[in-house]
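What's in structure.txt: compact mmCIF, C-alpha atoms
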# COMPACT_ATOMS: atom_id res chain seq x y z
CA MET N 1 0.00 0.00 0.00
CA THR N 2 1.31 3.44 -0.78
CA CYS N 3 0.31 6.89 0.34
CA TYR N 4 -1.59 7.32 -2.91
CA THR N 5 -3.95 4.44 -2.45
CA ALA N 6 -5.25 5.06 1.03
CA ARG N 7 -5.87 7.82 3.50
CA ALA N 8 -2.25 8.05 4.57
CA GLU N 9 -0.93 11.60 4.48
CA THR N 10 2.50 11.77 6.05
CA PHE N 11 5.96 10.53 5.13
CA ILE N 12 8.67 9.64 7.60
CA LEU N 13 12.19 8.36 7.15
CA SER N 14 12.35 4.72 8.22
CA PRO N 15 15.15 3.40 10.48
CA ALA N 16 16.74 2.01 7.30
CA GLY N 17 16.52 5.45 5.72
CA ASN N 18 18.21 6.98 8.74
CA SER N 19 21.24 4.71 8.43
CA ILE N 20 22.11 5.23 4.78
CA GLN N 21 25.53 6.44 3.63
CA TRP N 22 25.70 8.99 0.94
CA GLN N 23 28.03 10.15 -1.82
CA GLU N 24 26.97 13.03 -4.02
CA TRP N 25 28.59 13.66 -7.39
CA GLY N 26 26.87 16.42 -9.36
CA ASP N 27 23.22 15.53 -9.74
CA VAL N 28 23.84 11.82 -9.18
CA HIS N 29 23.58 10.45 -5.67
CA ILE N 30 25.12 7.10 -4.75
CA VAL N 31 23.49 5.76 -1.63
CA TYR N 32 24.52 2.72 0.37
CA GLN N 33 21.75 1.06 2.40
CA PRO N 34 23.23 -1.06 5.23
CA SER N 35 19.92 -2.79 6.00
CA SER N 36 19.87 -4.45 2.57
CA ALA N 37 23.59 -4.16 1.69
CA GLU N 38 22.50 -2.53 -1.57
CA THR N 39 23.92 0.47 -3.36
CA HIS N 40 21.42 2.71 -5.12
CA VAL N 41 21.79 5.46 -7.66
CA PHE N 42 19.28 8.24 -7.10
CA ASN N 43 18.46 11.25 -9.20
CA GLU N 44 18.14 14.71 -7.72
CA THR N 45 14.41 14.46 -6.99
CA THR N 46 14.66 11.17 -5.14
CA ALA N 47 17.67 12.33 -3.16
CA LEU N 48 15.95 15.58 -2.18
CA ILE N 49 12.92 13.72 -0.87
CA LEU N 50 15.22 11.79 1.44
CA LYS N 51 17.03 14.95 2.48
CA CYS N 52 13.71 16.63 3.23
CA LEU N 53 12.61 13.76 5.45
CA LYS N 54 15.95 13.79 7.29
CA GLN N 55 14.58 16.91 8.94
CA GLY N 56 11.51 15.09 10.27
CA SER N 57 8.15 13.77 9.14
CA ARG N 58 6.19 15.87 6.71
CA SER N 59 2.93 15.78 4.84
CA ILE N 60 3.03 14.65 1.23
CA GLN N 61 2.33 18.15 0.02
CA ALA N 62 4.99 19.63 2.27
CA VAL N 63 7.57 17.16 0.92
CA LYS N 64 6.62 18.01 -2.64
CA ASP N 65 6.75 21.75 -1.93
CA TRP N 66 10.15 21.43 -0.24
CA THR N 67 11.51 19.36 -3.13
CA GLU N 68 10.29 21.86 -5.72
CA ASN N 69 11.87 24.66 -3.76
CA ALA N 70 15.19 22.76 -3.52
CA LEU N 71 15.07 21.99 -7.24
CA GLU N 72 14.46 25.69 -7.85
CA VAL N 73 11.36 25.03 -9.94
CA GLY N 74 8.05 26.74 -9.58
CA GLN N 75 5.36 25.53 -7.22
CA GLY N 76 3.58 22.66 -8.97
CA ASP N 77 6.22 22.33 -11.68
CA LEU N 78 7.48 18.96 -10.42
CA ALA N 79 5.30 16.47 -12.26
CA THR N 80 3.14 14.51 -9.83
CA ASP N 81 3.97 11.29 -11.70
CA ASP N 82 7.69 11.84 -11.14
CA PHE N 83 7.16 12.63 -7.48
CA VAL N 84 4.92 9.61 -6.97
CA PHE N 85 7.37 7.35 -8.78
CA ALA N 86 10.23 8.53 -6.58
CA THR N 87 8.34 8.11 -3.32
CA MET N 88 7.04 4.69 -4.34
CA ARG N 89 10.59 3.58 -5.11
CA LEU N 90 11.79 4.82 -1.73
CA GLU N 91 8.93 3.00 -0.01
CA GLU N 92 9.74 -0.22 -1.86
CA LEU N 93 13.33 0.03 -0.69
CA GLY N 94 12.12 0.54 2.87
CA LEU N 95 13.79 3.92 3.17
CA ILE N 96 10.61 5.89 3.84
CA GLU N 97 7.26 4.98 5.27
CA CYS N 98 3.89 6.60 4.97
CA LEU N 99 1.60 7.04 7.91
CA ASP N 100 -2.04 7.88 7.98
CA ASP N 101 -3.06 10.95 9.91
CA ALA N 102 -3.83 9.06 13.10
CA SER N 103 -0.46 7.31 13.15
CA ALA N 104 1.34 10.50 12.37
CA VAL N 105 -0.26 12.24 15.33
CA GLN N 106 0.74 9.38 17.65
CA MET Y 1 64.91 -18.41 -3.28
CA ILE Y 2 63.09 -18.42 -6.61
CA VAL Y 3 61.70 -21.17 -8.82
CA GLY Y 4 64.71 -20.74 -11.11
CA ASP Y 5 66.96 -21.95 -8.27
CA LEU Y 6 65.33 -25.37 -8.54
CA SER Y 7 66.47 -27.83 -11.17
CA ARG Y 8 63.80 -29.07 -13.57
CA ARG Y 9 64.05 -32.44 -11.84
CA GLU Y 10 63.64 -30.97 -8.34
CA LEU Y 11 60.67 -28.90 -9.49
CA GLY Y 12 59.01 -31.97 -11.01
CA LYS Y 13 59.60 -33.87 -7.78
CA ARG Y 14 57.94 -31.15 -5.72
CA LEU Y 15 54.97 -30.88 -8.09
CA ALA Y 16 54.41 -34.63 -7.98
CA GLY Y 17 54.98 -34.82 -4.23
CA ASP Y 18 53.90 -32.39 -1.52
CA GLY Y 19 53.56 -29.58 -4.01
CA LEU Y 20 55.48 -26.57 -5.27
CA ALA Y 21 54.99 -23.60 -2.94
CA LEU Y 22 54.85 -20.25 -4.74
CA GLN Y 23 54.48 -16.72 -3.47
CA LEU Y 24 52.18 -14.64 -5.67
CA GLY Y 25 51.89 -11.18 -4.16
CA PRO Y 26 49.68 -11.42 -1.06
CA PHE Y 27 48.96 -15.12 -1.59
CA ASN Y 28 50.91 -18.29 -1.00
CA LEU Y 29 50.01 -21.15 -3.23
CA THR Y 30 50.85 -24.83 -3.31
CA ILE Y 31 50.66 -26.44 -6.73
CA ARG Y 32 50.64 -30.16 -7.38
CA SER Y 33 50.76 -31.87 -10.75
CA ASN Y 34 51.62 -35.27 -12.13
CA LEU Y 35 51.88 -33.95 -15.70
CA ASP Y 36 55.36 -33.75 -17.18
CA SER Y 37 54.35 -31.18 -19.79
CA PHE Y 38 53.05 -28.90 -17.04
CA ALA Y 39 56.27 -29.20 -15.05
CA SER Y 40 58.40 -28.15 -18.02
CA LEU Y 41 56.33 -25.04 -18.65
CA ALA Y 42 56.12 -24.17 -14.97
CA HIS Y 43 59.91 -24.35 -14.76
CA GLN Y 44 60.18 -21.95 -17.68
CA LEU Y 45 57.42 -19.43 -16.98
CA TYR Y 46 57.43 -19.38 -13.15
CA GLU Y 47 61.24 -19.07 -13.13
CA PRO Y 48 61.49 -15.60 -11.47
CA TYR Y 49 58.75 -16.19 -8.87
CA PRO Y 50 59.78 -16.46 -5.22
CA LEU Y 51 59.22 -19.47 -3.03
CA PRO Y 52 57.67 -18.63 0.35
CA ASP Y 53 59.36 -19.43 3.65
CA ALA Y 54 59.13 -23.08 4.58
CA GLU Y 55 56.78 -22.37 7.50
CA ALA Y 56 54.44 -20.10 5.49
CA ILE Y 57 50.81 -21.17 5.35
CA SER Y 58 49.35 -21.82 1.93
CA ASP Y 59 46.22 -19.86 1.01
CA PHE Y 60 45.25 -22.26 -1.77
CA HIS Y 61 46.23 -25.87 -2.48
CA VAL Y 62 45.66 -26.32 -6.19
CA GLN Y 63 46.41 -29.12 -8.59
CA ILE Y 64 46.31 -29.87 -12.27
CA SER Y 65 46.44 -33.59 -12.70
CA ALA Y 66 45.52 -36.46 -14.94
CA PRO Y 67 42.30 -38.10 -13.76
CA ARG Y 68 42.22 -41.70 -12.62
CA GLY Y 69 41.08 -44.44 -14.99
CA LEU Y 70 41.16 -44.66 -18.78
CA ARG Y 71 41.35 -40.89 -19.28
CA ARG Y 72 44.84 -41.07 -17.91
CA TRP Y 73 45.87 -42.84 -21.11
CA VAL Y 74 43.19 -42.38 -23.81
CA ARG Y 75 42.27 -38.87 -25.06
CA ARG Y 76 44.16 -37.60 -22.07
CA GLN Y 77 42.64 -35.01 -19.80
CA ALA Y 78 43.69 -32.68 -17.01
CA CYS Y 79 41.54 -31.78 -14.01
CA PHE Y 80 41.87 -28.60 -11.98
CA GLY Y 81 41.43 -29.14 -8.27
CA VAL Y 82 41.46 -26.94 -5.20
CA ASP Y 83 41.55 -28.29 -1.68
CA GLY Y 84 40.55 -31.70 -3.00
CA GLN Y 85 37.50 -30.41 -4.93
CA PHE Y 86 37.24 -30.38 -8.75
CA PRO Y 87 34.93 -27.47 -9.64
CA PHE Y 88 35.29 -27.59 -13.44
CA ALA Y 89 34.84 -30.10 -16.22
CA PRO Y 90 38.15 -31.70 -17.26
CA TYR Y 91 40.32 -30.01 -19.86
CA THR Y 92 42.21 -31.67 -22.66
CA VAL Y 93 45.69 -32.34 -21.32
CA GLU Y 94 47.26 -29.91 -23.79
CA HIS Y 95 45.43 -27.09 -22.00
CA ALA Y 96 46.63 -28.01 -18.53
CA PHE Y 97 48.74 -24.88 -18.11
CA PRO Y 98 46.07 -22.27 -18.96
CA ALA Y 99 43.56 -24.35 -16.98
CA LEU Y 100 45.69 -24.02 -13.86
CA GLU Y 101 46.16 -20.29 -14.42
CA TRP Y 102 42.39 -19.78 -14.80
CA GLY Y 103 41.82 -21.96 -11.78
CA ILE Y 104 44.10 -19.79 -9.65
CA ASN Y 105 42.15 -16.71 -10.80
CA TRP Y 106 38.96 -18.46 -9.78
CA CYS Y 107 40.37 -19.22 -6.34
CA VAL Y 108 41.33 -15.59 -5.79
CA ALA Y 109 38.01 -14.24 -7.09
CA THR Y 110 35.84 -16.57 -5.04
CA ARG Y 111 37.83 -16.87 -1.81
CA ALA Y 112 39.94 -13.80 -1.07
CA HIS Y 113 37.16 -11.82 0.54
CA HIS Y 114 39.43 -10.16 3.08
CA LEU Y 115 40.40 -7.91 0.14
CA LEU Y 116 38.33 -5.88 -2.32
CA LEU Y 117 38.86 -7.41 -5.75
CA LEU Y 118 38.19 -5.15 -8.70
CA HIS Y 119 38.09 -6.64 -12.17
CA SER Y 120 40.89 -4.50 -13.39
CA ALA Y 121 44.42 -4.45 -14.65
CA GLY Y 122 46.83 -2.18 -12.82
CA VAL Y 123 50.26 -0.64 -13.37
CA GLU Y 124 52.40 1.69 -11.26
CA ARG Y 125 55.12 4.27 -11.76
CA ASN Y 126 56.61 6.71 -9.23
CA GLY Y 127 54.32 5.39 -6.52
CA ARG Y 128 51.10 6.15 -8.40
CA ALA Y 129 48.93 3.52 -10.01
CA ILE Y 130 46.57 3.42 -12.95
CA LEU Y 131 43.70 0.98 -12.74
CA PHE Y 132 42.09 -0.28 -15.95
CA PRO Y 133 38.69 -1.70 -15.10
CA ALA Y 134 37.23 -3.30 -18.20
CA SER Y 135 35.09 -6.08 -19.51
CA PRO Y 136 36.74 -8.99 -21.30
CA GLY Y 137 37.69 -8.12 -24.87
CA HIS Y 138 38.29 -4.41 -24.21
CA GLY Y 139 42.06 -4.79 -24.51
CA LYS Y 140 43.11 -4.29 -20.91
CA SER Y 141 45.61 -7.18 -20.85
CA THR Y 142 47.19 -6.07 -24.13
CA LEU Y 143 47.51 -2.49 -22.96
CA CYS Y 144 48.79 -3.60 -19.57
CA THR Y 145 51.41 -5.83 -21.22
CA ALA Y 146 52.56 -2.97 -23.43
CA LEU Y 147 52.87 -0.64 -20.43
CA VAL Y 148 54.85 -3.05 -18.26
CA HIS Y 149 57.30 -3.41 -21.14
CA SER Y 150 57.54 0.39 -21.36
CA GLY Y 151 58.70 1.31 -17.87
CA TRP Y 152 55.60 0.73 -15.78
CA ARG Y 153 55.44 -1.85 -13.00
CA LEU Y 154 52.83 -4.57 -13.23
CA LEU Y 155 50.39 -4.77 -10.34
CA SER Y 156 48.05 -7.22 -12.03
CA ASP Y 157 46.44 -7.78 -15.37
CA GLU Y 158 43.22 -9.14 -13.87
CA PHE Y 159 42.69 -8.00 -10.27
CA GLY Y 160 42.74 -4.61 -8.65
CA VAL Y 161 43.51 -5.95 -5.18
CA VAL Y 162 42.55 -3.31 -2.63
CA ARG Y 163 43.58 -3.61 1.02
CA PRO Y 164 40.62 -2.42 3.13
CA GLU Y 165 42.81 -1.08 5.94
CA ASP Y 166 44.39 1.69 3.87
CA GLY Y 167 42.97 1.50 0.34
CA LEU Y 168 46.35 0.63 -1.16
CA LEU Y 169 46.69 -1.70 -4.13
CA LEU Y 170 48.50 -4.97 -3.48
CA PRO Y 171 50.48 -6.27 -6.45
CA LEU Y 172 49.57 -9.66 -7.85
CA PRO Y 173 52.01 -9.81 -10.77
CA ARG Y 174 51.01 -13.11 -12.30
CA LEU Y 175 51.56 -14.29 -15.84
CA ILE Y 176 49.51 -12.25 -18.31
CA PRO Y 177 47.32 -14.39 -20.56
CA LEU Y 178 47.05 -12.85 -24.00
CA LYS Y 179 44.31 -14.01 -26.33
CA ASN Y 180 44.13 -14.43 -30.07
CA GLU Y 181 45.39 -11.43 -32.09
CA SER Y 182 46.89 -9.79 -29.00
CA ILE Y 183 49.66 -12.39 -28.92
CA GLU Y 184 51.08 -11.30 -32.26
CA VAL Y 185 50.49 -7.64 -31.45
CA ILE Y 186 52.72 -7.90 -28.37
CA ARG Y 187 55.34 -10.01 -30.17
CA LYS Y 188 55.67 -7.15 -32.64
CA PHE Y 189 55.43 -4.40 -30.03
CA ARG Y 190 58.18 -5.87 -27.82
CA PRO Y 191 60.01 -8.77 -29.48
CA GLU Y 192 62.03 -9.21 -26.28
CA ALA Y 193 58.91 -10.01 -24.21
CA ILE Y 194 58.99 -13.52 -22.77
CA ILE Y 195 55.91 -15.26 -24.10
CA GLY Y 196 55.13 -18.91 -23.55
CA PRO Y 197 53.70 -21.27 -26.14
CA SER Y 198 50.35 -20.61 -27.78
CA PHE Y 199 47.56 -22.91 -26.63
CA LEU Y 200 45.16 -23.37 -29.52
CA GLU Y 201 41.39 -23.82 -29.31
CA THR Y 202 41.07 -23.34 -25.58
CA ARG Y 203 37.74 -22.30 -24.08
CA LYS Y 204 38.90 -18.71 -24.66
CA GLY Y 205 40.46 -19.18 -28.10
CA THR Y 206 44.24 -19.13 -28.56
CA VAL Y 207 46.04 -18.19 -25.34
CA ALA Y 208 49.70 -17.46 -24.60
CA HIS Y 209 51.19 -16.29 -21.30
CA VAL Y 210 53.54 -13.35 -20.92
CA GLN Y 211 56.04 -13.44 -18.10
CA PRO Y 212 56.00 -10.03 -16.36
CA PRO Y 213 59.31 -8.15 -16.17
CA VAL Y 214 61.42 -9.44 -13.29
CA ASN Y 215 61.33 -6.07 -11.55
CA SER Y 216 57.53 -6.33 -11.18
CA ILE Y 217 57.83 -9.77 -9.62
CA ARG Y 218 60.63 -8.71 -7.25
CA ARG Y 219 58.56 -5.76 -6.04
CA ALA Y 220 55.42 -7.81 -5.46
CA GLN Y 221 55.32 -6.84 -1.78
CA GLU Y 222 55.29 -3.07 -2.50
CA PRO Y 223 51.76 -1.68 -2.50
CA ALA Y 224 50.80 1.33 -4.60
CA ARG Y 225 48.44 4.26 -4.22
CA PRO Y 226 45.64 4.39 -6.84
CA ARG Y 227 45.75 7.67 -8.74
CA TRP Y 228 43.81 7.16 -11.99
CA PHE Y 229 41.01 5.03 -13.33
CA VAL Y 230 41.30 4.57 -17.07
CA PHE Y 231 38.52 2.63 -18.79
CA PRO Y 232 40.12 1.29 -21.96
CA ARG Y 233 38.53 0.07 -25.14
CA TRP Y 234 40.39 -1.13 -28.17
CA VAL Y 235 38.60 -0.14 -31.39
CA ALA Y 236 40.13 -1.04 -34.76
CA ASP Y 237 41.49 2.01 -36.61
CA ALA Y 238 40.03 4.43 -34.07
CA PRO Y 239 41.92 7.64 -33.34
CA LEU Y 240 43.17 7.83 -29.76
CA THR Y 241 40.93 9.62 -27.29
CA LEU Y 242 41.56 10.06 -23.57
CA GLU Y 243 38.68 11.94 -22.02
CA PRO Y 244 37.67 12.64 -18.44
CA ILE Y 245 34.50 10.95 -17.25
CA PRO Y 246 32.21 11.94 -14.36
CA LYS Y 247 32.94 10.39 -10.98
CA SER Y 248 29.41 9.00 -10.68
CA GLN Y 249 29.92 7.06 -13.91
CA ALA Y 250 33.35 5.88 -12.75
CA PHE Y 251 31.86 4.67 -9.48
CA LEU Y 252 29.25 2.57 -11.25
CA MET Y 253 31.76 1.09 -13.68
CA VAL Y 254 34.19 0.19 -10.90
CA ALA Y 255 31.58 -1.18 -8.50
CA THR Y 256 29.78 -3.25 -11.11
CA ASN Y 257 33.12 -4.63 -12.32
CA ALA Y 258 34.23 -5.77 -8.87
CA PHE Y 259 34.32 -9.48 -8.08
CA ASN Y 260 33.18 -9.18 -4.48
CA TYR Y 261 31.49 -5.79 -4.06
CA GLU Y 262 28.32 -7.43 -2.73
CA VAL Y 263 30.25 -9.71 -0.40
CA LEU Y 264 32.10 -6.85 1.27
CA ASP Y 265 29.05 -4.53 1.09
CA GLU Y 266 29.69 -1.49 3.32
CA ILE Y 267 33.47 -1.88 3.18
CA ALA Y 268 33.31 -2.08 -0.60
CA PHE Y 269 31.10 1.02 -0.83
CA ARG Y 270 33.51 2.95 1.37
CA LEU Y 271 36.60 1.80 -0.53
CA VAL Y 272 35.22 2.38 -4.02
CA THR Y 273 33.81 5.77 -3.02
CA GLU Y 274 37.15 6.82 -1.54
CA MET Y 275 39.10 5.58 -4.56
CA VAL Y 276 36.83 7.32 -7.06
CA ARG Y 277 36.93 10.50 -4.97
CA SER Y 278 40.72 10.58 -4.91
CA CYS Y 279 41.39 9.37 -8.48
CA ASP Y 280 40.92 11.10 -11.82
CA SER Y 281 38.90 8.99 -14.22
CA TYR Y 282 39.22 8.75 -17.98
CA SER Y 283 37.82 6.86 -20.88
CA LEU Y 284 40.49 5.66 -23.33
CA ILE Y 285 39.77 4.53 -26.87
CA TYR Y 286 42.80 3.30 -28.77
CA SER Y 287 43.87 1.25 -31.74
CA ASP Y 288 47.64 1.84 -31.63
CA LEU Y 289 49.62 0.67 -28.60
CA ASP Y 290 52.44 3.19 -29.04
CA GLU Y 291 49.94 6.05 -29.00
CA ALA Y 292 48.15 4.65 -25.97
CA VAL Y 293 51.39 4.20 -24.03
CA SER Y 294 52.50 7.74 -24.90
CA ALA Y 295 49.18 9.20 -23.81
CA LEU Y 296 49.35 7.41 -20.45
CA ASP Y 297 52.99 8.43 -19.99
CA GLU Y 298 51.92 11.99 -20.61
CA LEU Y 299 49.03 11.67 -18.17
CA SER Y 300 51.39 10.50 -15.45
CA ARG Y 301 53.85 13.31 -16.21
CA THR Y 302 51.18 15.98 -15.76
CA ASP Y 303 50.89 14.77 -12.19
CA ASP Y 304 54.63 15.32 -11.61
CA VAL Y 305 54.50 19.08 -12.19

Translate the structure of the given file into structure tokens.
Amino acid sequence: MTCYTARAETFILSPAGNSIQWQEWGDVHIVYQPSSAETHVFNETTALILKCLKQGSRSIQAVKDWTENALEVGQGDLATDDFVFATMRLEELGLIECLDDASAVQ
Amino acid sequence: MIVGDLSRRELGKRLAGDGLALQLGPFNLTIRSNLDSFASLAHQLYEPYPLPDAEAISDFHVQISAPRGLRRWVRRQACFGVDGQFPFAPYTVEHAFPALEWGINWCVATRAHHLLLLHSAGVERNGRAILFPASPGHGKSTLCTALVHSGWRLLSDEFGVVRPEDGLLLPLPRLIPLKNESIEVIRKFRPEAIIGPSFLETRKGTVAHVQPPVNSIRRAQEPARPRWFVFPRWVADAPLTLEPIPKSQAFLMVATNAFNYEVLDEIAFRLVTEMVRSCDSYSLIYSDLDEAVSALDELSRTDDV
């Protein structure tokens, strides 16, 4: 289940996401995930989503707004499909989790 | 003491008995064989290699031997073994020598997980090393052979052996197996190169082994600092190009070319990241060995100023 199929509203960085190691070269981000012993290559958007959530849990819209701001594109200019694809990938890897409103409050 | 200090008879006796102990860079090896033809070639091509101290522990016990039964006499075969196991189908006896050499590579690639093993040739000069990560067929062994006969020291033609403690490259200056057209190319490039017999119709085509310059073998215990990654590709008639490539691309090419990146996981990530960060990376396309050697000489000189 992803945040786009249910009533979940908030993203948080998972424990696995908190333990990643990071090497940034230009707009390519090489990320090592100790929990799976995998190395990932992320684009700017995906990396920024992780960086945003490093600062704490945020609503989906707040993450998207923050990412657009960091990418220096206009509000709403980051295609929703691209954003959804990136967050789904991060969820699949277990690096972020989505919580519904009730969980997020707790 | 080196292999050349042993008589042919003494070497044959060791191979057929408890084994011939050899020191190959960071590894000690014990080789056994009951094949006369293998012993003759080993005496010739392993001549400058050192023997380890008598009390040294062997990392691998390998053998290349005739199987028991009829195959010992009819359509003769040779079997590669390690620690009493025979992981590969038998080879025709004429291919015993390359079979052992491949088998030793296999042992290193599948067992030496205390070291990061890049699939890469490597050479050194003035304390700085070039690594040539490449897929088979891209000309890394040919280029490496040309360089070590042009003033560079051989680290390895197959393995970039990285010590996790300090990121230094450990030399593994083994025989260099040239394939097919490369054999003649090197014979013409350096007629004085010591090249063993050509083995025809092996599983990798025609193969002949180049003995590295003695200086490379003598200095096999001197590690080197990686300074450049050069990703070579031989292309017929192509003009030489040596162009910088982005570090992110270099990282992916190095990591995906490593033998045991997944095995070492976090250590491998740290080592490859650090190496790519501290090295300059280039893509090299060449068709002429003299031009390629000159370009790499020039690259190393720019670092001297």

- Message: Near chain Y, meaning an atom within 12 Å, which residues of chain N appear when counting all atoms listed in the file? Write them as a VMD selection string.
- Response: chain N and resid 19 to 43

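Atom pair atom CA of Asp5 of chain Y / atom CA of Val82 of chain Y has a distance of 26.2 Å (rounded to one decimal).
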
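One finds atom CA of Ile130 of chain Y at 28.0 Å from atom CA of Phe60 of chain Y.
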
In the coordinates of the file, take the point (47.6, -30.0, -23.0) and a cut-off of 12 Å; then, counting all atoms listed in the file, name each qualifying protein, DNA or RNA residue as a PDB file with C-alpha atoms, in the frame of the given file.
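And here is the file that came out, point-v5.pdb:
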ATOM      1  CA  LEU Y  35      51.880 -33.950 -15.700  1.00  0.00           C
ATOM      2  CA  ASP Y  36      55.360 -33.750 -17.180  1.00  0.00           C
ATOM      3  CA  SER Y  37      54.350 -31.180 -19.790  1.00  0.00           C
ATOM      4  CA  PHE Y  38      53.050 -28.900 -17.040  1.00  0.00           C
ATOM      5  CA  ALA Y  39      56.270 -29.200 -15.050  1.00  0.00           C
ATOM      6  CA  LEU Y  41      56.330 -25.040 -18.650  1.00  0.00           C
ATOM      7  CA  ILE Y  64      46.310 -29.870 -12.270  1.00  0.00           C
ATOM      8  CA  SER Y  65      46.440 -33.590 -12.700  1.00  0.00           C
ATOM      9  CA  ALA Y  66      45.520 -36.460 -14.940  1.00  0.00           C
ATOM     10  CA  ARG Y  75      42.270 -38.870 -25.060  1.00  0.00           C
ATOM     11  CA  ARG Y  76      44.160 -37.600 -22.070  1.00  0.00           C
ATOM     12  CA  GLN Y  77      42.640 -35.010 -19.800  1.00  0.00           C
ATOM     13  CA  ALA Y  78      43.690 -32.680 -17.010  1.00  0.00           C
ATOM     14  CA  CYS Y  79      41.540 -31.780 -14.010  1.00  0.00           C
ATOM     15  CA  PRO Y  90      38.150 -31.700 -17.260  1.00  0.00           C
ATOM     16  CA  TYR Y  91      40.320 -30.010 -19.860  1.00  0.00           C
ATOM     17  CA  THR Y  92      42.210 -31.670 -22.660  1.00  0.00           C
ATOM     18  CA  VAL Y  93      45.690 -32.340 -21.320  1.00  0.00           C
ATOM     19  CA  GLU Y  94      47.260 -29.910 -23.790  1.00  0.00           C
ATOM     20  CA  HIS Y  95      45.430 -27.090 -22.000  1.00  0.00           C
ATOM     21  CA  ALA Y  96      46.630 -28.010 -18.530  1.00  0.00           C
ATOM     22  CA  PHE Y  97      48.740 -24.880 -18.110  1.00  0.00           C
ATOM     23  CA  PRO Y  98      46.070 -22.270 -18.960  1.00  0.00           C
ATOM     24  CA  ALA Y  99      43.560 -24.350 -16.980  1.00  0.00           C
ATOM     25  CA  LEU Y 100      45.690 -24.020 -13.860  1.00  0.00           C
ATOM     26  CA  PRO Y 197      53.700 -21.270 -26.140  1.00  0.00           C
ATOM     27  CA  SER Y 198      50.350 -20.610 -27.780  1.00  0.00           C
ATOM     28  CA  PHE Y 199      47.560 -22.910 -26.630  1.00  0.00           C
ATOM     29  CA  LEU Y 200      45.160 -23.370 -29.520  1.00  0.00           C
ATOM     30  CA  GLU Y 201      41.390 -23.820 -29.310  1.00  0.00           C
ATOM     31  CA  THR Y 202      41.070 -23.340 -25.580  1.00  0.00           C
TER      32      THR Y 202
END

Can you report as AutoDock Vina command-line options the centre and edge lengths in Å, to one decimal, of an axis-aligned box around the listed atoms of segment 10-20 of chain N padded with 4 Å on each side?
--center_x 12.3 --center_y 6.9 --center_z 7.6 --size_x 27.6 --size_y 17.8 --size_z 13.7

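In this structure, atom CA of Ser58 of chain Y sits 18.3 Å away from atom CA of Val161 of chain Y.
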
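For segment 77-80 of chain N, the list of residues within 10 Å, based on all atoms listed in the file and with local chain neighbours fewer than 6 positions off taken out, reads Thr45, Lys64, Asp65, Thr67, Glu68, Asn69, Leu71 and Ala86 of chain N.
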
Keeping only C-alpha atoms, take the residues you just selected and write them out as a PDB file, in the coordinates of the input.
ATOM      1  CA  THR N  45      14.410  14.460  -6.990  1.00  0.00           C
ATOM      2  CA  LYS N  64       6.620  18.010  -2.640  1.00  0.00           C
ATOM      3  CA  ASP N  65       6.750  21.750  -1.930  1.00  0.00           C
ATOM      4  CA  THR N  67      11.510  19.360  -3.130  1.00  0.00           C
ATOM      5  CA  GLU N  68      10.290  21.860  -5.720  1.00  0.00           C
ATOM      6  CA  ASN N  69      11.870  24.660  -3.760  1.00  0.00           C
ATOM      7  CA  LEU N  71      15.070  21.990  -7.240  1.00  0.00           C
ATOM      8  CA  ALA N  86      10.230   8.530  -6.580  1.00  0.00           C
TER       9      ALA N  86
END

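Residues lying within 7 Å of (3.5, 16.1, 3.5). Counted over all atoms listed in the file, they are Glu9, Thr10, Phe11, Arg58, Ser59, Ile60, Gln61, Ala62 and Val63 of chain N.
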
- Message: Could you list, as number ranges by chain, every residue within 12 Å of Ala54 of chain Y, counting all atoms listed in the file and ignoring same-chain residues fewer than 6 positions away?
- Response: Y: 1, 20-23, 28, 30

Is there a way to complete segment 117-125 of chain Y with N, CA and C atoms and then write that out as a PDB file, in the coordinates of the input?
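Resulting contents of result_18.pdb:
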ATOM      1  N   LEU Y 117      38.282  -6.951  -4.481  1.00  0.00           N
ATOM      2  CA  LEU Y 117      38.860  -7.410  -5.750  1.00  0.00           C
ATOM      3  C   LEU Y 117      38.121  -6.754  -6.907  1.00  0.00           C
ATOM      4  N   LEU Y 118      38.773  -5.780  -7.517  1.00  0.00           N
ATOM      5  CA  LEU Y 118      38.190  -5.150  -8.700  1.00  0.00           C
ATOM      6  C   LEU Y 118      38.598  -5.959  -9.919  1.00  0.00           C
ATOM      7  N   HIS Y 119      37.723  -5.991 -10.902  1.00  0.00           N
ATOM      8  CA  HIS Y 119      38.090  -6.640 -12.170  1.00  0.00           C
ATOM      9  C   HIS Y 119      38.823  -5.604 -12.992  1.00  0.00           C
ATOM     10  N   SER Y 120      40.127  -5.609 -12.852  1.00  0.00           N
ATOM     11  CA  SER Y 120      40.890  -4.500 -13.390  1.00  0.00           C
ATOM     12  C   SER Y 120      42.358  -4.866 -13.518  1.00  0.00           C
ATOM     13  N   ALA Y 121      42.959  -4.398 -14.591  1.00  0.00           N
ATOM     14  CA  ALA Y 121      44.420  -4.450 -14.650  1.00  0.00           C
ATOM     15  C   ALA Y 121      44.953  -3.256 -13.882  1.00  0.00           C
ATOM     16  N   GLY Y 122      46.239  -3.303 -13.546  1.00  0.00           N
ATOM     17  CA  GLY Y 122      46.830  -2.180 -12.820  1.00  0.00           C
ATOM     18  C   GLY Y 122      48.324  -2.094 -13.065  1.00  0.00           C
ATOM     19  N   VAL Y 123      48.811  -0.869 -13.220  1.00  0.00           N
ATOM     20  CA  VAL Y 123      50.260  -0.640 -13.370  1.00  0.00           C
ATOM     21  C   VAL Y 123      50.640   0.539 -12.478  1.00  0.00           C
ATOM     22  N   GLU Y 124      51.935   0.634 -12.169  1.00  0.00           N
ATOM     23  CA  GLU Y 124      52.400   1.690 -11.260  1.00  0.00           C
ATOM     24  C   GLU Y 124      53.689   2.309 -11.761  1.00  0.00           C
ATOM     25  N   ARG Y 125      53.835   3.611 -11.526  1.00  0.00           N
ATOM     26  CA  ARG Y 125      55.120   4.270 -11.760  1.00  0.00           C
ATOM     27  C   ARG Y 125      55.214   5.445 -10.782  1.00  0.00           C
TER      28      ARG Y 125
END
